[in-house]
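> This is the structure I have questions about; it appears just below.
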Amino acid sequence: MNAADSSVMRGILENRSFEFSENPEEADLIIFNSCSIREHAEDRMFSNLGLAMKKNPKAAFILAGCTAKRHGAKLFKRFPHLGAVVAPSELFSIGETAEKVLSGVAGIEALEGGYGFVPRHGGVSEFVVIQTGCDNYCSYCVVPFLRAAERYRPAEDILREVRCLAASGTKEIVFLGQNVNSYRDEKTGGDFTDLLARAAEIDGILRIRFLTSHPKDISAKLIDEFARNPRLARHLHLPVQSGSDSVLRAMNRKYTSADYLGIVEKLRESAKDVALTTDVIVGFPGETDSDFADTLALIRKADFDGVYVFKYSPREGTASFRMEDDVTEEVKKERLAAGLALAKELALKKREAYIGQKAETLFENDDVGHSSQNYLVFKKGAKAGDFGQVLIKAVSGFRLMAE
Ligand code: 5AD
Ligand code: SF4
């Protein structure tokens with residue numbers, strides 16, 4: 001989401017004749033786009049921001065993103081060099097804010113904005129935000145507080161952006177939102193699957209991906225779309241967070257492990273070759289050894305192609321912040337390592353099954369691309385924008401090596 005927001009900000013600024021600099025030490029304006037999801041992300045950003053200010057004291061600085069929203073004007077005290085803080089919902093005001101900061105105005109806080117269409121020149125694969133905010137209030141998560149209520153962009157606006165990107169040479173679109181599969185178009189009443197189907201018809205678009213879905217909103221229609229729509233990439237990222245029903249309840253996730261495995265079964269019946277990835281949090285308050293064993297068992301049953309494992313990080317303002325963070329750091333680390341080891345085993349097994357098989361691949365860069373399953377593919381001599389079947393000869397460090 002931050003990468004998508006950054007490319008929108010870049011598009012807005014380039015339309016105002018700003019020029020992107022590859023070298024932050026020579027830039028006149030430096031924008032940090034920040035993430036608050038875990039404490040570690042914030043800490044790292046603050047130390048990078050301080051460092052960048054030391055290295056280029058003449059530049060103007062803007063802090064955008066969730067951390068800007070979370071700490072607001074307090075940050076001007078901590079970072080006297082900071083000219084503005086811009087919340088995620090105010091992204092579209094970045095043009096005016098940047099001009100003001102460069103003309104010497106300081107202490108600017110979150111102007112009014114809204115989400116919309118930005119004409120921009122696309123690369124081979126581009127993010128398109130279709131939905132902002134989140135209404136789910138998972139008990140550990142700051143997103144609903146920092147990215148506001150769920151809002152959906154009108155389908156016409158989204159499709160206009162996709163057509164514009166396709167005309168500039170983009171071949172793959174990644175629809176993005178905190179909760180894409182609850183998407184609704186107010187004007188037509190169309191749902192997320194309808195949007196996917198319409199985007200797939202746009203000339204020049206070879207492949208569509210989407211991120212992220214919530215298990216409670218996965219419809220039978222969306223699962224069927226994998227079998228029906230050949231342009232839909234064979235990949236679903238579906239965060240499960242835990243395999244223990246009591247932890248899922250405490251997390252306010254609104255499904256059980258059996259519900260989740262039911263979705264997996266239907267998906268594999270509809271389209272066998274869809275890769276499935278997930279997010280898991282270890283060390284949530286009250287998580288016992290047996291809860292964690294349930295998580296490992298679910299990971300094995302679901303036979304994931306990839307698992308992102310995170311140590312629980314208490315976030316002020318969330319419901320679980322009031323629960324005791326009672327899993328020790330040592331146990332969190334052990335569970336993280338065990339989760340990652342299992343994830344690695346499954347990921348390698350899945351990839352090795354492709355040796356001797358063909359994989360439909362889009363090369364975003366020379367030599368490097370992604371298969372429809374979102375596996376990294378390496379093929380010497382491939383050019384950025386190449387698309388087609390490649391023969392997989394070997395697996396090296398999670399990459400498919402192709403001919
Ligand atoms: N602590 C640890 N992980 C978290 N995530 C969200 N909030 C937290 C938190 N407080 C993870 C979830 C989510 C992913 C983007 O980040 O797994 O799916
Ligand atoms: Fe956070 Fe849950 Fe919303 Fe995802 S669905 S952004 S984890 S509150």
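In the structure tokens, each chain is lettered A, B, ... as it comes, each chain's residues begin at 1, and ligands are numbered from 1 in order of appearance.
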Using only C-alpha atoms, which protein or nucleic acid residues come within 9 Å of Thr193 (chain A)? Drop anything in the same chain fewer than 6 positions from it, and give the result as an mmCIF file with N, CA, C and O atoms, in the first residue's frame.

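Listing of out-v9.cif after writing:
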```
data_model
loop_
_atom_site.group_PDB
_atom_site.id
_atom_site.type_symbol
_atom_site.label_atom_id
_atom_site.label_comp_id
_atom_site.auth_asym_id
_atom_site.auth_seq_id
_atom_site.Cartn_x
_atom_site.Cartn_y
_atom_site.Cartn_z
ATOM 1 N N ASN A 181 -11.839 -7.461 -1.395
ATOM 2 C CA ASN A 181 -12.985 -8.294 -1.805
ATOM 3 C C ASN A 181 -14.313 -7.876 -1.177
ATOM 4 O O ASN A 181 -15.343 -8.466 -1.453
ATOM 5 N N TYR A 183 -15.239 -4.926 -1.972
ATOM 6 C CA TYR A 183 -15.473 -3.811 -2.903
ATOM 7 C C TYR A 183 -16.909 -3.787 -3.453
ATOM 8 O O TYR A 183 -17.477 -4.828 -3.786
ATOM 9 N N SER A 219 -16.216 -14.643 -1.734
ATOM 10 C CA SER A 219 -17.470 -15.180 -2.256
ATOM 11 C C SER A 219 -17.205 -16.367 -3.179
ATOM 12 O O SER A 219 -16.114 -16.510 -3.733
ATOM 13 N N LYS A 221 -18.480 -16.602 -5.959
ATOM 14 C CA LYS A 221 -18.321 -15.982 -7.279
ATOM 15 C C LYS A 221 -16.850 -15.640 -7.557
ATOM 16 O O LYS A 221 -16.353 -15.862 -8.667
ATOM 17 N N LEU A 222 -16.159 -15.144 -6.538
ATOM 18 C CA LEU A 222 -14.744 -14.806 -6.717
ATOM 19 C C LEU A 222 -13.915 -16.077 -6.943
ATOM 20 O O LEU A 222 -13.041 -16.118 -7.814
ATOM 21 N N GLU A 225 -14.279 -17.236 -10.360
ATOM 22 C CA GLU A 225 -13.640 -16.354 -11.342
ATOM 23 C C GLU A 225 -12.232 -16.854 -11.703
ATOM 24 O O GLU A 225 -11.779 -16.663 -12.829
#
```
> Show me, as CSV, the residues of chain A having an atom within 9 Å of ligand 2, each with the closest atom pair and its distance in Å, using only C-alpha atoms and all ligand atoms.

```
residue,atom,partner,partner_atom_place_in_ligand_line,distance
A:Ile37,CA,ligand 2,1 (Fe),8.4
A:Gly133,CA,ligand 2,6 (S),7.6
A:Cys134,CA,ligand 2,3 (Fe),4.8
A:Asp135,CA,ligand 2,3 (Fe),6.3
A:Asn136,CA,ligand 2,8 (S),4.7
A:Tyr137,CA,ligand 2,8 (S),4.2
A:Cys138,CA,ligand 2,8 (S),4.2
A:Ser139,CA,ligand 2,8 (S),7.2
A:Tyr140,CA,ligand 2,7 (S),7.5
A:Cys141,CA,ligand 2,1 (Fe),4.6
A:Val142,CA,ligand 2,1 (Fe),6.4
A:Val143,CA,ligand 2,6 (S),5.0
A:Pro144,CA,ligand 2,8 (S),5.7
A:Phe145,CA,ligand 2,8 (S),8.9
A:Arg147,CA,ligand 2,6 (S),8.7
A:Gly177,CA,ligand 2,6 (S),8.8
A:Gln178,CA,ligand 2,6 (S),5.1
A:Asn179,CA,ligand 2,5 (S),6.2
A:Thr212,CA,ligand 2,4 (Fe),7.9
A:Ser213,CA,ligand 2,5 (S),8.0
A:His214,CA,ligand 2,5 (S),6.1
A:Pro239,CA,ligand 2,7 (S),8.2
A:Gln241,CA,ligand 2,7 (S),8.4
A:Met251,CA,ligand 2,2 (Fe),8.6
A:Asn252,CA,ligand 2,2 (Fe),8.3
A:Arg253,CA,ligand 2,2 (Fe),7.2
```
> List as an mmCIF file with N, CA, C and O atoms, in the first residue's frame the protein and nucleic acid residues near Thr278 (chain A), meaning an atom at most 6 Å away when only C-alpha atoms are counted, but skip any in the same chain fewer than 3 places from it.

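For reference, around30.cif as written:
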```cif
data_model
loop_
_atom_site.group_PDB
_atom_site.id
_atom_site.type_symbol
_atom_site.label_atom_id
_atom_site.label_comp_id
_atom_site.auth_asym_id
_atom_site.auth_seq_id
_atom_site.Cartn_x
_atom_site.Cartn_y
_atom_site.Cartn_z
ATOM 1 N N HIS A 237 -3.723 -14.059 -1.948
ATOM 2 C CA HIS A 237 -3.120 -13.799 -0.635
ATOM 3 C C HIS A 237 -4.258 -13.650 0.363
ATOM 4 O O HIS A 237 -5.063 -12.723 0.251
ATOM 5 N N LEU A 238 -4.349 -14.591 1.287
ATOM 6 C CA LEU A 238 -5.494 -14.636 2.198
ATOM 7 C C LEU A 238 -4.994 -14.808 3.639
ATOM 8 O O LEU A 238 -4.785 -15.931 4.110
ATOM 9 N N PRO A 239 -4.804 -13.663 4.330
ATOM 10 C CA PRO A 239 -4.252 -13.750 5.688
ATOM 11 C C PRO A 239 -5.145 -14.555 6.630
ATOM 12 O O PRO A 239 -6.347 -14.304 6.704
ATOM 13 N N VAL A 307 4.226 -18.036 3.519
ATOM 14 C CA VAL A 307 3.640 -17.542 4.770
ATOM 15 C C VAL A 307 4.508 -16.402 5.284
ATOM 16 O O VAL A 307 5.714 -16.569 5.452
#
```
> Apply DSSP to the backbone of this structure and, from region 86-181 of chain A, keep only the residues in strand (DSSP E); write these as a list in words.
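DSSP on the backbone gives strand (DSSP E) at Val86, Ile108, Glu109, Ser125, Glu126, Phe127, Val128, Val129, Gln131, Thr132, Arg151, Tyr152, Glu172, Ile173, Val174, Phe175 and Leu176 of chain A.
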> Of the candidates A:Asn56, A:Ser21, A:Ser36, A:Asn365, which one gets nearest to ligand 1 if we count only C-alpha atoms and all ligand atoms?
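The answer is A:Ser36, which sits nearest to ligand 1.
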> If we count only C-alpha atoms, what is near region 383-399 of chain A at a cut-off of 12 Å, once residues fewer than 5 positions away on the same chain are taken out, given as a PDB file with N, CA, C and O atoms, in the first residue's frame?

```
ATOM      1  N   GLY A 122       3.025   4.257 -16.654  1.00  0.00           N
ATOM      2  CA  GLY A 122       3.212   3.032 -15.889  1.00  0.00           C
ATOM      3  C   GLY A 122       4.397   2.198 -16.329  1.00  0.00           C
ATOM      4  O   GLY A 122       4.830   2.262 -17.474  1.00  0.00           O
ATOM      5  N   GLY A 123       4.912   1.384 -15.394  1.00  0.00           N
ATOM      6  CA  GLY A 123       5.887   0.348 -15.728  1.00  0.00           C
ATOM      7  C   GLY A 123       5.148  -0.903 -16.207  1.00  0.00           C
ATOM      8  O   GLY A 123       3.939  -0.859 -16.458  1.00  0.00           O
ATOM      9  N   VAL A 124       5.847  -2.030 -16.288  1.00  0.00           N
ATOM     10  CA  VAL A 124       5.232  -3.276 -16.759  1.00  0.00           C
ATOM     11  C   VAL A 124       4.088  -3.687 -15.837  1.00  0.00           C
ATOM     12  O   VAL A 124       3.016  -4.102 -16.277  1.00  0.00           O
ATOM     13  N   SER A 125       4.307  -3.560 -14.533  1.00  0.00           N
ATOM     14  CA  SER A 125       3.293  -3.943 -13.549  1.00  0.00           C
ATOM     15  C   SER A 125       3.025  -2.755 -12.627  1.00  0.00           C
ATOM     16  O   SER A 125       3.962  -2.127 -12.145  1.00  0.00           O
ATOM     17  N   GLY A 169       1.729   1.358 -21.695  1.00  0.00           N
ATOM     18  CA  GLY A 169       2.548   0.147 -21.812  1.00  0.00           C
ATOM     19  C   GLY A 169       2.465  -0.826 -20.648  1.00  0.00           C
ATOM     20  O   GLY A 169       3.112  -1.867 -20.654  1.00  0.00           O
ATOM     21  N   THR A 170       1.646  -0.502 -19.625  1.00  0.00           N
ATOM     22  CA  THR A 170       1.515  -1.422 -18.483  1.00  0.00           C
ATOM     23  C   THR A 170       0.793  -2.700 -18.917  1.00  0.00           C
ATOM     24  O   THR A 170      -0.190  -2.649 -19.644  1.00  0.00           O
ATOM     25  N   LYS A 171       1.309  -3.840 -18.457  1.00  0.00           N
ATOM     26  CA  LYS A 171       0.728  -5.130 -18.850  1.00  0.00           C
ATOM     27  C   LYS A 171       0.040  -5.854 -17.701  1.00  0.00           C
ATOM     28  O   LYS A 171      -0.773  -6.739 -17.918  1.00  0.00           O
ATOM     29  N   GLU A 172       0.444  -5.501 -16.510  1.00  0.00           N
ATOM     30  CA  GLU A 172      -0.161  -6.153 -15.344  1.00  0.00           C
ATOM     31  C   GLU A 172      -0.635  -5.098 -14.360  1.00  0.00           C
ATOM     32  O   GLU A 172       0.049  -4.115 -14.101  1.00  0.00           O
ATOM     33  N   GLY A 204      -4.531  -4.668 -23.856  1.00  0.00           N
ATOM     34  CA  GLY A 204      -3.148  -4.493 -23.391  1.00  0.00           C
ATOM     35  C   GLY A 204      -2.909  -5.072 -22.008  1.00  0.00           C
ATOM     36  O   GLY A 204      -1.776  -5.318 -21.622  1.00  0.00           O
ATOM     37  N   ILE A 205      -3.985  -5.258 -21.235  1.00  0.00           N
ATOM     38  CA  ILE A 205      -3.810  -5.831 -19.892  1.00  0.00           C
ATOM     39  C   ILE A 205      -3.771  -7.354 -20.012  1.00  0.00           C
ATOM     40  O   ILE A 205      -4.731  -7.986 -20.437  1.00  0.00           O
ATOM     41  N   LEU A 206      -2.637  -7.934 -19.646  1.00  0.00           N
ATOM     42  CA  LEU A 206      -2.449  -9.374 -19.802  1.00  0.00           C
ATOM     43  C   LEU A 206      -2.763 -10.125 -18.517  1.00  0.00           C
ATOM     44  O   LEU A 206      -3.116 -11.295 -18.537  1.00  0.00           O
ATOM     45  N   ARG A 207      -2.610  -9.428 -17.392  1.00  0.00           N
ATOM     46  CA  ARG A 207      -2.752 -10.129 -16.124  1.00  0.00           C
ATOM     47  C   ARG A 207      -3.219  -9.169 -15.028  1.00  0.00           C
ATOM     48  O   ARG A 207      -2.821  -8.005 -15.012  1.00  0.00           O
ATOM     49  N   ASP A 305       1.802 -21.683  -0.273  1.00  0.00           N
ATOM     50  CA  ASP A 305       2.968 -21.422  -1.132  1.00  0.00           C
ATOM     51  C   ASP A 305       3.905 -20.408  -0.476  1.00  0.00           C
ATOM     52  O   ASP A 305       5.060 -20.281  -0.879  1.00  0.00           O
ATOM     53  N   GLY A 306       3.373 -19.674   0.477  1.00  0.00           N
ATOM     54  CA  GLY A 306       4.190 -18.680   1.174  1.00  0.00           C
ATOM     55  C   GLY A 306       3.471 -18.222   2.429  1.00  0.00           C
ATOM     56  O   GLY A 306       2.244 -18.091   2.425  1.00  0.00           O
ATOM     57  N   ALA A 343       7.240 -22.550   6.750  1.00  0.00           N
ATOM     58  CA  ALA A 343       6.920 -21.783   5.535  1.00  0.00           C
ATOM     59  C   ALA A 343       7.945 -22.071   4.438  1.00  0.00           C
ATOM     60  O   ALA A 343       7.590 -22.273   3.270  1.00  0.00           O
ATOM     61  N   LYS A 344       9.215 -22.132   4.831  1.00  0.00           N
ATOM     62  CA  LYS A 344      10.299 -22.366   3.874  1.00  0.00           C
ATOM     63  C   LYS A 344      10.188 -23.765   3.263  1.00  0.00           C
ATOM     64  O   LYS A 344      10.320 -23.940   2.049  1.00  0.00           O
ATOM     65  N   GLU A 345       9.911 -24.737   4.132  1.00  0.00           N
ATOM     66  CA  GLU A 345       9.773 -26.123   3.653  1.00  0.00           C
ATOM     67  C   GLU A 345       8.674 -26.219   2.589  1.00  0.00           C
ATOM     68  O   GLU A 345       8.867 -26.792   1.512  1.00  0.00           O
ATOM     69  N   LEU A 346       7.515 -25.627   2.897  1.00  0.00           N
ATOM     70  CA  LEU A 346       6.386 -25.713   1.960  1.00  0.00           C
ATOM     71  C   LEU A 346       6.674 -24.924   0.678  1.00  0.00           C
ATOM     72  O   LEU A 346       6.370 -25.387  -0.424  1.00  0.00           O
ATOM     73  N   ALA A 347       7.269 -23.741   0.838  1.00  0.00           N
ATOM     74  CA  ALA A 347       7.548 -22.889  -0.330  1.00  0.00           C
ATOM     75  C   ALA A 347       8.494 -23.600  -1.299  1.00  0.00           C
ATOM     76  O   ALA A 347       8.295 -23.565  -2.517  1.00  0.00           O
ATOM     77  N   LEU A 348       9.499 -24.264  -0.756  1.00  0.00           N
ATOM     78  CA  LEU A 348      10.462 -24.969  -1.612  1.00  0.00           C
ATOM     79  C   LEU A 348       9.795 -26.151  -2.308  1.00  0.00           C
ATOM     80  O   LEU A 348       9.978 -26.369  -3.507  1.00  0.00           O
ATOM     81  N   LYS A 349       9.005 -26.906  -1.548  1.00  0.00           N
ATOM     82  CA  LYS A 349       8.307 -28.074  -2.115  1.00  0.00           C
ATOM     83  C   LYS A 349       7.423 -27.635  -3.283  1.00  0.00           C
ATOM     84  O   LYS A 349       7.424 -28.251  -4.347  1.00  0.00           O
ATOM     85  N   LYS A 350       6.674 -26.543  -3.081  1.00  0.00           N
ATOM     86  CA  LYS A 350       5.770 -26.042  -4.127  1.00  0.00           C
ATOM     87  C   LYS A 350       6.548 -25.648  -5.372  1.00  0.00           C
ATOM     88  O   LYS A 350       6.133 -25.905  -6.500  1.00  0.00           O
ATOM     89  N   ARG A 351       7.684 -24.979  -5.167  1.00  0.00           N
ATOM     90  CA  ARG A 351       8.458 -24.501  -6.307  1.00  0.00           C
ATOM     91  C   ARG A 351       9.141 -25.656  -7.038  1.00  0.00           C
ATOM     92  O   ARG A 351       9.193 -25.689  -8.263  1.00  0.00           O
ATOM     93  N   GLU A 352       9.639 -26.617  -6.269  1.00  0.00           N
ATOM     94  CA  GLU A 352      10.327 -27.758  -6.914  1.00  0.00           C
ATOM     95  C   GLU A 352       9.382 -28.558  -7.791  1.00  0.00           C
ATOM     96  O   GLU A 352       9.801 -29.156  -8.785  1.00  0.00           O
ATOM     97  N   ALA A 353       8.093 -28.523  -7.475  1.00  0.00           N
ATOM     98  CA  ALA A 353       7.111 -29.244  -8.301  1.00  0.00           C
ATOM     99  C   ALA A 353       7.026 -28.656  -9.713  1.00  0.00           C
ATOM    100  O   ALA A 353       6.485 -29.278 -10.621  1.00  0.00           O
ATOM    101  N   TYR A 354       7.573 -27.449  -9.902  1.00  0.00           N
ATOM    102  CA  TYR A 354       7.537 -26.828 -11.239  1.00  0.00           C
ATOM    103  C   TYR A 354       8.704 -27.246 -12.123  1.00  0.00           C
ATOM    104  O   TYR A 354       8.718 -26.941 -13.315  1.00  0.00           O
ATOM    105  N   ILE A 355       9.686 -27.938 -11.562  1.00  0.00           N
ATOM    106  CA  ILE A 355      10.852 -28.329 -12.377  1.00  0.00           C
ATOM    107  C   ILE A 355      10.363 -29.277 -13.485  1.00  0.00           C
ATOM    108  O   ILE A 355       9.644 -30.240 -13.232  1.00  0.00           O
ATOM    109  N   GLY A 356      10.716 -28.930 -14.725  1.00  0.00           N
ATOM    110  CA  GLY A 356      10.258 -29.724 -15.869  1.00  0.00           C
ATOM    111  C   GLY A 356       8.903 -29.273 -16.406  1.00  0.00           C
ATOM    112  O   GLY A 356       8.429 -29.771 -17.416  1.00  0.00           O
ATOM    113  N   GLN A 357       8.264 -28.297 -15.722  1.00  0.00           N
ATOM    114  CA  GLN A 357       6.947 -27.790 -16.148  1.00  0.00           C
ATOM    115  C   GLN A 357       7.095 -26.397 -16.748  1.00  0.00           C
ATOM    116  O   GLN A 357       8.114 -25.736 -16.558  1.00  0.00           O
ATOM    117  N   LYS A 358       6.017 -25.973 -17.429  1.00  0.00           N
ATOM    118  CA  LYS A 358       6.020 -24.610 -17.943  1.00  0.00           C
ATOM    119  C   LYS A 358       5.301 -23.680 -16.972  1.00  0.00           C
ATOM    120  O   LYS A 358       4.382 -24.100 -16.275  1.00  0.00           O
ATOM    121  N   ALA A 359       5.733 -22.429 -16.944  1.00  0.00           N
ATOM    122  CA  ALA A 359       5.090 -21.433 -16.081  1.00  0.00           C
ATOM    123  C   ALA A 359       4.883 -20.144 -16.880  1.00  0.00           C
ATOM    124  O   ALA A 359       5.828 -19.634 -17.494  1.00  0.00           O
ATOM    125  N   GLU A 360       3.640 -19.643 -16.841  1.00  0.00           N
ATOM    126  CA  GLU A 360       3.332 -18.394 -17.545  1.00  0.00           C
ATOM    127  C   GLU A 360       3.982 -17.239 -16.783  1.00  0.00           C
ATOM    128  O   GLU A 360       3.699 -17.033 -15.608  1.00  0.00           O
ATOM    129  N   THR A 361       4.838 -16.504 -17.463  1.00  0.00           N
ATOM    130  CA  THR A 361       5.660 -15.506 -16.757  1.00  0.00           C
ATOM    131  C   THR A 361       5.616 -14.148 -17.446  1.00  0.00           C
ATOM    132  O   THR A 361       5.647 -14.065 -18.675  1.00  0.00           O
ATOM    133  N   LEU A 362       5.528 -13.110 -16.633  1.00  0.00           N
ATOM    134  CA  LEU A 362       5.648 -11.729 -17.134  1.00  0.00           C
ATOM    135  C   LEU A 362       6.939 -11.160 -16.552  1.00  0.00           C
ATOM    136  O   LEU A 362       7.141 -11.185 -15.332  1.00  0.00           O
ATOM    137  N   PHE A 363       7.803 -10.661 -17.423  1.00  0.00           N
ATOM    138  CA  PHE A 363       9.086 -10.113 -16.961  1.00  0.00           C
ATOM    139  C   PHE A 363       8.931  -8.618 -16.718  1.00  0.00           C
ATOM    140  O   PHE A 363       8.691  -7.857 -17.639  1.00  0.00           O
ATOM    141  N   GLU A 364       9.046  -8.217 -15.446  1.00  0.00           N
ATOM    142  CA  GLU A 364       8.926  -6.786 -15.105  1.00  0.00           C
ATOM    143  C   GLU A 364      10.233  -6.070 -15.420  1.00  0.00           C
ATOM    144  O   GLU A 364      10.236  -4.869 -15.643  1.00  0.00           O
ATOM    145  N   ASN A 365      11.311  -6.821 -15.373  1.00  0.00           N
ATOM    146  CA  ASN A 365      12.636  -6.270 -15.662  1.00  0.00           C
ATOM    147  C   ASN A 365      13.370  -7.242 -16.574  1.00  0.00           C
ATOM    148  O   ASN A 365      12.920  -8.379 -16.743  1.00  0.00           O
ATOM    149  N   ASP A 366      14.487  -6.809 -17.135  1.00  0.00           N
ATOM    150  CA  ASP A 366      15.308  -7.733 -17.902  1.00  0.00           C
ATOM    151  C   ASP A 366      15.703  -8.893 -16.983  1.00  0.00           C
ATOM    152  O   ASP A 366      16.064  -8.665 -15.820  1.00  0.00           O
ATOM    153  N   ASP A 367      15.586 -10.107 -17.479  1.00  0.00           N
ATOM    154  CA  ASP A 367      16.011 -11.339 -16.767  1.00  0.00           C
ATOM    155  C   ASP A 367      15.108 -11.768 -15.595  1.00  0.00           C
ATOM    156  O   ASP A 367      15.215 -12.896 -15.138  1.00  0.00           O
ATOM    157  N   VAL A 368      14.299 -10.858 -15.052  1.00  0.00           N
ATOM    158  CA  VAL A 368      13.551 -11.194 -13.831  1.00  0.00           C
ATOM    159  C   VAL A 368      12.053 -10.932 -13.991  1.00  0.00           C
ATOM    160  O   VAL A 368      11.645  -9.852 -14.418  1.00  0.00           O
ATOM    161  N   GLY A 369      11.258 -11.926 -13.642  1.00  0.00           N
ATOM    162  CA  GLY A 369       9.811 -11.757 -13.721  1.00  0.00           C
ATOM    163  C   GLY A 369       9.099 -12.549 -12.641  1.00  0.00           C
ATOM    164  O   GLY A 369       9.727 -13.030 -11.700  1.00  0.00           O
ATOM    165  N   HIS A 370       7.777 -12.635 -12.784  1.00  0.00           N
ATOM    166  CA  HIS A 370       6.984 -13.443 -11.858  1.00  0.00           C
ATOM    167  C   HIS A 370       6.059 -14.361 -12.640  1.00  0.00           C
ATOM    168  O   HIS A 370       5.487 -13.960 -13.648  1.00  0.00           O
ATOM    169  N   SER A 371       5.941 -15.578 -12.153  1.00  0.00           N
ATOM    170  CA  SER A 371       4.976 -16.494 -12.764  1.00  0.00           C
ATOM    171  C   SER A 371       3.586 -16.062 -12.311  1.00  0.00           C
ATOM    172  O   SER A 371       3.437 -15.241 -11.407  1.00  0.00           O
ATOM    173  N   SER A 372       2.585 -16.662 -12.955  1.00  0.00           N
ATOM    174  CA  SER A 372       1.209 -16.347 -12.600  1.00  0.00           C
ATOM    175  C   SER A 372       0.970 -16.586 -11.108  1.00  0.00           C
ATOM    176  O   SER A 372       0.222 -15.858 -10.460  1.00  0.00           O
ATOM    177  N   ASN A 374       2.928 -15.940  -8.868  1.00  0.00           N
ATOM    178  CA  ASN A 374       3.735 -14.931  -8.160  1.00  0.00           C
ATOM    179  C   ASN A 374       5.068 -15.477  -7.656  1.00  0.00           C
ATOM    180  O   ASN A 374       5.674 -14.906  -6.751  1.00  0.00           O
ATOM    181  N   TYR A 375       5.549 -16.560  -8.230  1.00  0.00           N
ATOM    182  CA  TYR A 375       6.903 -17.018  -7.920  1.00  0.00           C
ATOM    183  C   TYR A 375       7.874 -16.169  -8.727  1.00  0.00           C
ATOM    184  O   TYR A 375       7.613 -15.846  -9.882  1.00  0.00           O
ATOM    185  N   LEU A 376       9.008 -15.882  -8.125  1.00  0.00           N
ATOM    186  CA  LEU A 376      10.066 -15.147  -8.818  1.00  0.00           C
ATOM    187  C   LEU A 376      10.689 -16.070  -9.869  1.00  0.00           C
ATOM    188  O   LEU A 376      11.027 -17.215  -9.578  1.00  0.00           O
ATOM    189  N   VAL A 377      10.810 -15.552 -11.105  1.00  0.00           N
ATOM    190  CA  VAL A 377      11.363 -16.360 -12.198  1.00  0.00           C
ATOM    191  C   VAL A 377      12.582 -15.646 -12.754  1.00  0.00           C
ATOM    192  O   VAL A 377      12.569 -14.436 -12.957  1.00  0.00           O
ATOM    193  N   PHE A 378      13.612 -16.402 -13.011  1.00  0.00           N
ATOM    194  CA  PHE A 378      14.843 -15.837 -13.551  1.00  0.00           C
ATOM    195  C   PHE A 378      15.136 -16.485 -14.891  1.00  0.00           C
ATOM    196  O   PHE A 378      15.145 -17.702 -15.002  1.00  0.00           O
TER     197      PHE A 378
END
```
